[in-house]
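Heads up, model-v2.csv below (CSV, C-alpha atoms and all ligand atoms):
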chain,number,residue,atom,x,y,z
A,1242,MET,CA,-3.6,6.8,60.7
A,1243,ARG,CA,-1.3,9.5,59.2
A,1244,THR,CA,0.8,11.4,61.6
A,1245,LEU,CA,0.8,15.1,61.1
A,1246,ILE,CA,4.3,16.7,61.3
A,1247,PRO,CA,4.0,20.0,63.0
A,1248,MET,CA,5.1,23.1,61.0
A,1249,THR,CA,8.5,24.3,62.2
A,1250,GLU,CA,8.9,27.8,63.6
A,1251,PRO,CA,9.1,30.0,60.5
A,1252,ALA,CA,5.6,28.9,59.4
A,1253,PHE,CA,3.3,31.8,59.7
A,1254,ILE,CA,-0.3,30.7,60.3
A,1255,PRO,CA,-2.8,33.7,60.6
A,1256,GLU,CA,-5.1,33.5,63.6
A,1257,ASP,CA,-7.9,35.1,61.5
A,1258,TYR,CA,-8.1,34.8,57.7
A,1259,PHE,CA,-10.7,37.6,57.5
A,1260,SER,CA,-8.8,40.6,58.9
A,1261,ALA,CA,-5.9,42.5,57.4
A,1262,LEU,CA,-2.6,41.9,59.2
A,1263,ALA,CA,0.0,44.4,60.3
A,1264,PRO,CA,3.7,43.3,59.8
A,1265,SER,CA,4.0,43.1,63.6
A,1266,GLU,CA,1.6,40.2,63.6
A,1267,ILE,CA,3.9,38.3,61.1
A,1268,PHE,CA,7.3,39.3,62.3
A,1269,GLY,CA,6.8,40.6,65.8
A,1270,GLU,CA,7.4,44.2,65.0
A,1271,ASP,CA,6.3,46.7,62.3
A,1272,GLY,CA,8.5,47.7,59.3
A,1273,LEU,CA,8.8,47.0,55.6
A,1274,PHE,CA,9.5,43.5,54.3
A,1275,GLU,CA,10.0,41.6,51.0
A,1276,VAL,CA,7.6,39.0,49.6
A,1277,ASP,CA,8.4,36.0,47.4
A,1278,LEU,CA,5.1,35.1,45.8
A,1279,GLY,CA,4.9,31.4,44.9
A,1280,CYS,CA,8.2,30.7,46.6
A,1281,GLY,CA,8.3,27.0,45.6
A,1282,ASP,CA,11.2,25.1,47.3
A,1283,GLY,CA,12.4,28.4,48.7
A,1284,GLY,CA,15.8,28.4,47.0
A,1285,PHE,CA,15.6,32.2,46.2
A,1286,LEU,CA,13.9,33.2,49.4
A,1287,LEU,CA,16.4,31.5,51.7
A,1288,GLN,CA,19.5,32.8,49.9
A,1289,MET,CA,18.0,36.3,50.1
A,1290,ALA,CA,17.3,35.9,53.8
A,1291,ALA,CA,20.9,34.7,54.4
A,1292,HIS,CA,22.4,37.5,52.3
A,1293,TYR,CA,20.3,40.3,53.9
A,1294,PRO,CA,20.1,39.5,57.6
A,1295,GLU,CA,18.9,43.0,58.3
A,1296,ARG,CA,15.8,42.6,56.0
A,1297,ARG,CA,12.7,40.5,56.5
A,1298,PHE,CA,11.3,38.1,54.0
A,1299,LEU,CA,7.9,36.4,53.7
A,1300,GLY,CA,7.4,33.4,51.3
A,1301,ILE,CA,3.9,32.8,50.0
A,1302,GLU,CA,3.1,29.3,48.7
A,1303,ARG,CA,0.0,27.3,48.3
A,1304,LEU,CA,1.4,23.8,48.5
A,1305,LEU,CA,1.7,22.4,52.0
A,1306,GLY,CA,4.7,20.1,51.3
A,1307,ARG,CA,6.7,23.0,49.9
A,1308,VAL,CA,5.9,25.2,52.8
A,1309,ARG,CA,7.0,22.5,55.2
A,1310,GLY,CA,10.2,22.0,53.3
A,1311,VAL,CA,11.1,25.7,53.2
A,1312,CYS,CA,10.3,26.1,56.9
A,1313,SER,CA,12.5,23.2,57.9
A,1314,ARG,CA,15.4,24.4,55.7
A,1315,ALA,CA,15.1,28.0,57.1
A,1316,ALA,CA,15.1,26.6,60.7
A,1317,SER,CA,18.1,24.3,60.1
A,1318,ARG,CA,20.0,27.3,58.6
A,1319,GLY,CA,19.1,29.4,61.7
A,1320,LEU,CA,17.4,32.1,59.6
A,1321,ASP,CA,15.3,34.2,61.9
A,1322,ASN,CA,14.3,36.9,59.3
A,1323,VAL,CA,12.1,34.7,57.2
A,1324,LYS,CA,8.5,33.5,57.5
A,1325,VAL,CA,6.4,31.3,55.2
A,1326,CYS,CA,2.7,31.4,54.8
A,1327,ARG,CA,0.5,28.9,53.1
A,1328,VAL,CA,-2.1,30.9,51.3
A,1329,GLU,CA,-3.2,31.9,47.8
A,1330,SER,CA,-1.1,34.8,46.4
A,1331,ARG,CA,-3.9,37.1,45.4
A,1332,TYR,CA,-5.9,36.5,48.5
A,1333,PHE,CA,-2.9,37.3,50.6
A,1334,LEU,CA,-2.2,40.6,48.9
A,1335,GLU,CA,-5.8,41.7,48.5
A,1336,TRP,CA,-7.3,40.7,51.9
A,1337,LEU,CA,-4.7,39.5,54.4
A,1338,LEU,CA,-2.2,42.3,54.5
A,1339,ARG,CA,-2.6,46.0,55.4
A,1340,PRO,CA,-1.6,48.1,52.4
A,1341,GLY,CA,1.8,49.7,52.0
A,1342,TRP,CA,4.2,47.4,53.8
A,1343,ILE,CA,6.0,45.6,51.0
A,1344,SER,CA,9.3,47.1,49.9
A,1345,ARG,CA,9.9,44.5,47.1
A,1346,LEU,CA,7.7,41.9,45.8
A,1347,HIS,CA,9.4,39.1,43.8
A,1348,TYR,CA,7.3,37.0,41.4
A,1349,LEU,CA,9.6,34.4,39.8
A,1350,PHE,CA,8.9,31.9,37.1
A,1351,PRO,CA,5.1,31.5,37.7
A,1352,ASP,CA,3.2,29.1,35.6
A,1353,PRO,CA,2.6,31.1,32.4
A,1354,TRP,CA,-0.8,29.4,31.6
A,1355,PRO,CA,0.2,29.4,27.8
A,1356,LYS,CA,-3.2,28.4,26.3
A,1357,GLU,CA,-5.4,31.3,25.6
A,1358,ARG,CA,-8.4,29.7,27.3
A,1359,HIS,CA,-6.3,29.5,30.5
A,1360,HIS,CA,-5.0,33.1,30.5
A,1361,LYS,CA,-7.7,33.9,33.0
A,1362,ASN,CA,-5.7,31.9,35.5
A,1363,ARG,CA,-2.7,34.2,35.3
A,1364,LEU,CA,-2.2,36.2,38.5
A,1365,ILE,CA,-1.3,39.3,36.6
A,1366,GLN,CA,-4.5,40.8,35.2
A,1367,ASP,CA,-5.7,44.4,34.8
A,1368,ASP,CA,-7.7,44.2,38.0
A,1369,PHE,CA,-4.7,42.8,39.9
A,1370,MET,CA,-2.5,45.9,39.2
A,1371,PRO,CA,-4.3,48.2,41.8
A,1372,VAL,CA,-4.0,45.3,44.3
A,1373,LEU,CA,-0.3,45.1,43.7
A,1374,HIS,CA,0.1,48.9,43.8
A,1375,ARG,CA,-1.7,49.2,47.1
A,1376,SER,CA,0.3,46.4,48.7
A,1377,LEU,CA,3.6,48.1,48.0
A,1378,ALA,CA,5.2,50.8,50.2
A,1379,ASP,CA,5.9,54.2,48.6
A,1380,GLY,CA,8.7,53.6,46.1
A,1381,GLY,CA,8.2,49.9,46.4
A,1382,GLU,CA,9.2,47.5,43.6
A,1383,PHE,CA,7.7,44.6,41.8
A,1384,LEU,CA,10.4,42.2,40.3
A,1385,PHE,CA,9.3,39.7,37.7
A,1386,LYS,CA,11.1,36.9,35.9
A,1387,THR,CA,9.7,34.4,33.5
A,1388,ASP,CA,10.9,31.9,30.9
A,1389,HIS,CA,7.8,32.7,28.8
A,1390,GLU,CA,8.1,35.6,26.3
A,1391,GLU,CA,4.3,36.0,25.8
A,1392,TYR,CA,3.6,36.2,29.5
A,1393,PHE,CA,6.4,38.7,29.8
A,1394,LEU,CA,4.9,40.9,27.2
A,1395,TRP,CA,1.5,40.4,28.9
A,1396,VAL,CA,2.9,41.7,32.2
A,1397,LEU,CA,4.6,44.7,30.5
A,1398,ASP,CA,1.4,45.6,28.9
A,1399,ARG,CA,-0.7,45.4,32.1
A,1400,ALA,CA,1.8,47.4,34.1
A,1401,GLU,CA,2.0,50.1,31.4
A,1402,ARG,CA,-1.7,50.5,30.8
A,1403,SER,CA,-2.4,50.6,34.6
A,1404,GLY,CA,-0.4,53.8,34.8
A,1405,LEU,CA,0.5,52.8,38.3
A,1406,PHE,CA,4.2,51.8,37.7
A,1407,ARG,CA,7.2,53.0,36.0
A,1408,ARG,CA,9.8,50.6,34.5
A,1409,GLY,CA,13.1,50.5,36.5
A,1410,ASN,CA,16.5,49.6,35.1
A,1411,TRP,CA,17.6,46.1,35.8
A,1412,GLU,CA,20.7,44.5,34.3
A,1413,GLU,CA,21.9,41.1,35.4
A,1414,GLY,CA,24.4,41.7,38.3
A,1415,ASP,CA,23.1,45.1,39.3
A,1416,PHE,CA,22.4,43.8,42.7
A,1417,PHE,CA,22.4,40.5,44.6
A,1418,TYR,CA,19.6,38.4,43.0
A,1419,PRO,CA,20.2,34.6,43.1
A,1420,LYS,CA,19.0,32.5,40.3
A,1421,THR,CA,16.5,29.8,41.2
A,1422,ASP,CA,17.2,26.1,40.3
A,1423,PHE,CA,14.7,26.4,37.6
A,1424,GLN,CA,16.4,29.4,36.0
A,1425,LEU,CA,19.8,27.7,36.1
A,1426,GLN,CA,18.5,24.6,34.5
A,1427,TRP,CA,16.6,26.6,31.9
A,1428,GLU,CA,19.6,28.8,31.0
A,1429,SER,CA,21.9,25.7,30.8
A,1430,MET,CA,19.8,24.7,27.8
A,1431,GLY,CA,20.7,28.0,26.2
A,1432,LYS,CA,17.2,29.5,26.7
A,1433,PRO,CA,16.5,33.1,27.7
A,1434,THR,CA,15.0,34.5,30.9
A,1435,TYR,CA,12.9,37.7,30.6
A,1436,PHE,CA,12.9,40.0,33.5
A,1437,ALA,CA,11.6,43.4,34.5
A,1438,ARG,CA,11.5,45.7,37.5
A,1439,PHE,CA,8.5,48.0,38.1
A,1440,ILE,CA,8.5,50.9,40.6
A,1441,LYS,CA,5.4,52.1,42.2
A,1442,ARG,CA,4.2,55.5,41.1
A,1443,GLN,CA,2.7,57.7,43.8
B,1501,LIG,C1,6.7,27.2,38.8
B,1501,LIG,S1,6.9,27.3,40.5
B,1501,LIG,C2,8.2,28.6,40.7
B,1501,LIG,C3,8.8,28.5,42.1
B,1501,LIG,C4,9.8,29.6,42.4
B,1501,LIG,N1,9.3,30.9,42.3
B,1501,LIG,C5,11.0,29.5,41.5
B,1501,LIG,O1,11.3,30.4,40.7
B,1501,LIG,O2,11.7,28.4,41.5
B,1501,LIG,C6,5.5,28.2,41.0
B,1501,LIG,C7,5.2,28.1,42.5
B,1501,LIG,O3,4.1,28.9,42.8
B,1501,LIG,C8,3.1,28.2,43.6
B,1501,LIG,N2,1.8,28.8,43.2
B,1501,LIG,C9,1.2,28.7,42.1
B,1501,LIG,N3,0.0,29.4,42.1
B,1501,LIG,C10,0.0,30.0,43.4
B,1501,LIG,C11,-1.0,30.8,44.0
B,1501,LIG,N4,-2.1,31.2,43.4
B,1501,LIG,N5,-0.8,31.1,45.3
B,1501,LIG,C12,0.3,30.7,46.0
B,1501,LIG,N6,1.3,29.9,45.4
B,1501,LIG,C13,1.1,29.5,44.1
B,1501,LIG,C14,3.2,26.8,43.1
B,1501,LIG,O4,2.8,25.9,44.1
B,1501,LIG,C15,4.7,26.7,42.9
B,1501,LIG,O5,5.4,26.3,44.0
What does the file become when written as structure tokens?
Ligand SMILES: C[S@@+](CC[C@H](N)C(=O)[O-])C[C@H]1O[C@@H](n2cnc3c(N)ncnc32)[C@H](O)[C@@H]1O
Amino acid sequence: MRTLIPMTEPAFIPEDYFSALAPSEIFGEDGLFEVDLGCGDGGFLLQMAAHYPERRFLGIERLLGRVRGVCSRAASRGLDNVKVCRVESRYFLEWLLRPGWISRLHYLFPDPWPKERHHKNRLIQDDFMPVLHRSLADGGEFLFKTDHEEYFLWVLDRAERSGLFRRGNWEEGDFFYPKTDFQLQWESMGKPTYFARFIKRQ
């Protein structure tokens, strides 16, 4: 029989998947927080949490093994400002969280679903833009990075025609923003990263 290893402390498991959560139910008290959607192995999330101990971070990831790995690394580094939830990204934003609590939402190097018949699998769609807008706090930001130029243009297009966001300035080095292992590896091959910052309009 397989032994189940219990999730370590930073794992956040909602008691009820059908009611919208307040931040206090995730972090113990209300207040804005940052989200890393599809946090993968947590390289970015954990560096951010260590760099900004006064902020709170939630990683969203659908693969159990990755969630366990991020949780155990967060625990071994003594990070008490980070939680990780195993859930599907859109479901989380649309149904599991009360609107208006995310100060910055990071969406880094998602699968670009390059084939046209798979574009429907992309998270960023016209009908996703109001979901994203609602989840952000006033003045909240959506930060996006990809290795895939066509997906990048797709996202710019959806953001612009939604009318819900304005493009913010973002130059490399403007603020602390660690590169993921994937980005470092990609750029070491001389390939470009595309990135954009969108600010919620009222
Ligand atoms: C290509 S990896 C990028 C990981 C990380 N953001 C980085 O930059 O290194 C994409 C991650 O998103 C997760 N993922 C993909 N679709 C998801 C979804 N709909 N909901 C939650 N996680 C998802 C995958 O399991 C994977 O860990």
Which protein, DNA or RNA residues have an atom within 10 Å of ligand LIG 1501 (chain B), counting only C-alpha atoms and all ligand atoms, as a short mmCIF file (atom, residue, chain, number, x, y, z; two decimals) with C-alpha atoms, in the coordinates of the input?
data_model
loop_
_atom_site.label_atom_id
_atom_site.label_comp_id
_atom_site.auth_asym_id
_atom_site.auth_seq_id
_atom_site.Cartn_x
_atom_site.Cartn_y
_atom_site.Cartn_z
CA ASP A 1277 8.40 36.00 47.40
CA LEU A 1278 5.10 35.10 45.80
CA GLY A 1279 4.90 31.40 44.90
CA CYS A 1280 8.20 30.70 46.60
CA GLY A 1281 8.30 27.00 45.60
CA ASP A 1282 11.20 25.10 47.30
CA GLY A 1283 12.40 28.40 48.70
CA GLY A 1284 15.80 28.40 47.00
CA PHE A 1285 15.60 32.20 46.20
CA LEU A 1286 13.90 33.20 49.40
CA GLY A 1300 7.40 33.40 51.30
CA ILE A 1301 3.90 32.80 50.00
CA GLU A 1302 3.10 29.30 48.70
CA ARG A 1303 0.00 27.30 48.30
CA LEU A 1304 1.40 23.80 48.50
CA LEU A 1305 1.70 22.40 52.00
CA GLY A 1306 4.70 20.10 51.30
CA ARG A 1307 6.70 23.00 49.90
CA VAL A 1308 5.90 25.20 52.80
CA CYS A 1326 2.70 31.40 54.80
CA ARG A 1327 0.50 28.90 53.10
CA VAL A 1328 -2.10 30.90 51.30
CA GLU A 1329 -3.20 31.90 47.80
CA SER A 1330 -1.10 34.80 46.40
CA ARG A 1331 -3.90 37.10 45.40
CA TYR A 1332 -5.90 36.50 48.50
CA PHE A 1333 -2.90 37.30 50.60
CA HIS A 1347 9.40 39.10 43.80
CA TYR A 1348 7.30 37.00 41.40
CA LEU A 1349 9.60 34.40 39.80
CA PHE A 1350 8.90 31.90 37.10
CA PRO A 1351 5.10 31.50 37.70
CA ASP A 1352 3.20 29.10 35.60
CA PRO A 1353 2.60 31.10 32.40
CA ASN A 1362 -5.70 31.90 35.50
CA ARG A 1363 -2.70 34.20 35.30
CA LEU A 1364 -2.20 36.20 38.50
CA PHE A 1385 9.30 39.70 37.70
CA LYS A 1386 11.10 36.90 35.90
CA THR A 1387 9.70 34.40 33.50
CA ASP A 1388 10.90 31.90 30.90
CA LYS A 1420 19.00 32.50 40.30
CA THR A 1421 16.50 29.80 41.20
CA ASP A 1422 17.20 26.10 40.30
CA PHE A 1423 14.70 26.40 37.60
CA GLN A 1424 16.40 29.40 36.00
CA LEU A 1425 19.80 27.70 36.10
#
**Message:** Nearest residue to Met1370 of chain A out of A:Trp1354, A:Pro1419, A:Arg1442, A:Ser1429, using only C-alpha atoms?
**Reply:**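 For Met1370 of chain A, the nearest of the candidates is A:Arg1442.
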Just the residues within 9 Å of Gly1380 of chain A, please, counting all atoms listed in the file, with nothing from its chain fewer than 5 positions along; format it as a PDB file with C-alpha atoms, keeping the file's coordinate frame.
ATOM      1  CA  SER A1344       9.300  47.100  49.900  1.00  0.00           C
ATOM      2  CA  ILE A1440       8.500  50.900  40.600  1.00  0.00           C
ATOM      3  CA  LYS A1441       5.400  52.100  42.200  1.00  0.00           C
ATOM      4  CA  ARG A1442       4.200  55.500  41.100  1.00  0.00           C
ATOM      5  CA  GLN A1443       2.700  57.700  43.800  1.00  0.00           C
TER       6      GLN A1443
END
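With all atoms listed in the file as the basis for measurement, A:Phe1274 is the residue among A:Phe1274, A:Trp1427, A:Trp1336, A:Tyr1435 that approaches Gly1381 of chain A most closely.
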**Message:** Using Å and a single decimal, report how far atom CA of Ser1317 of chain A sits from atom CA of Trp1342 of chain A.
**Reply:** 27.7 Å
**Request:** Just give me the gap between atom CA of Ala1400 of chain A and atom CA of Asp1368 of chain A in Å, one decimal is fine.
**Result:**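 Spanning atom CA of Ala1400 of chain A to atom CA of Asp1368 of chain A is a straight-line distance of 10.8 Å.
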**Prompt:** What is the distance between atom CA of Thr1434 of chain A and atom CA of Phe1393 of chain A, in Å to one decimal?
**Reply:** 9.6 Å
Any idea what's packed within 9 Å of Asp1321 of chain A, counting all atoms listed in the file, ignoring anything in its chain fewer than 3 positions away? Could you give it as a short mmCIF file (atom, residue, chain, number, x, y, z; two decimals) with C-alpha atoms, in the coordinates of the input?
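Heads up, here's the output in out-v2.cif:
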data_model
loop_
_atom_site.label_atom_id
_atom_site.label_comp_id
_atom_site.auth_asym_id
_atom_site.auth_seq_id
_atom_site.Cartn_x
_atom_site.Cartn_y
_atom_site.Cartn_z
CA PRO A 1251 9.10 30.00 60.50
CA ALA A 1290 17.30 35.90 53.80
CA PRO A 1294 20.10 39.50 57.60
CA ARG A 1297 12.70 40.50 56.50
CA ALA A 1315 15.10 28.00 57.10
CA ALA A 1316 15.10 26.60 60.70
CA ARG A 1318 20.00 27.30 58.60
CA LYS A 1324 8.50 33.50 57.50
#
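Between Ser1376 of chain A and the residues A:His1359, A:Phe1436, A:Ala1261, A:Gly1319, the shortest atom-to-atom distance, using only C-alpha atoms, involves A:Ala1261.
When only C-alpha atoms are used to compute distances to Asp1367 of chain A, the closest of the residues A:Glu1266, A:Glu1401, A:Glu1391, A:Glu1256 turns out to be A:Glu1401.
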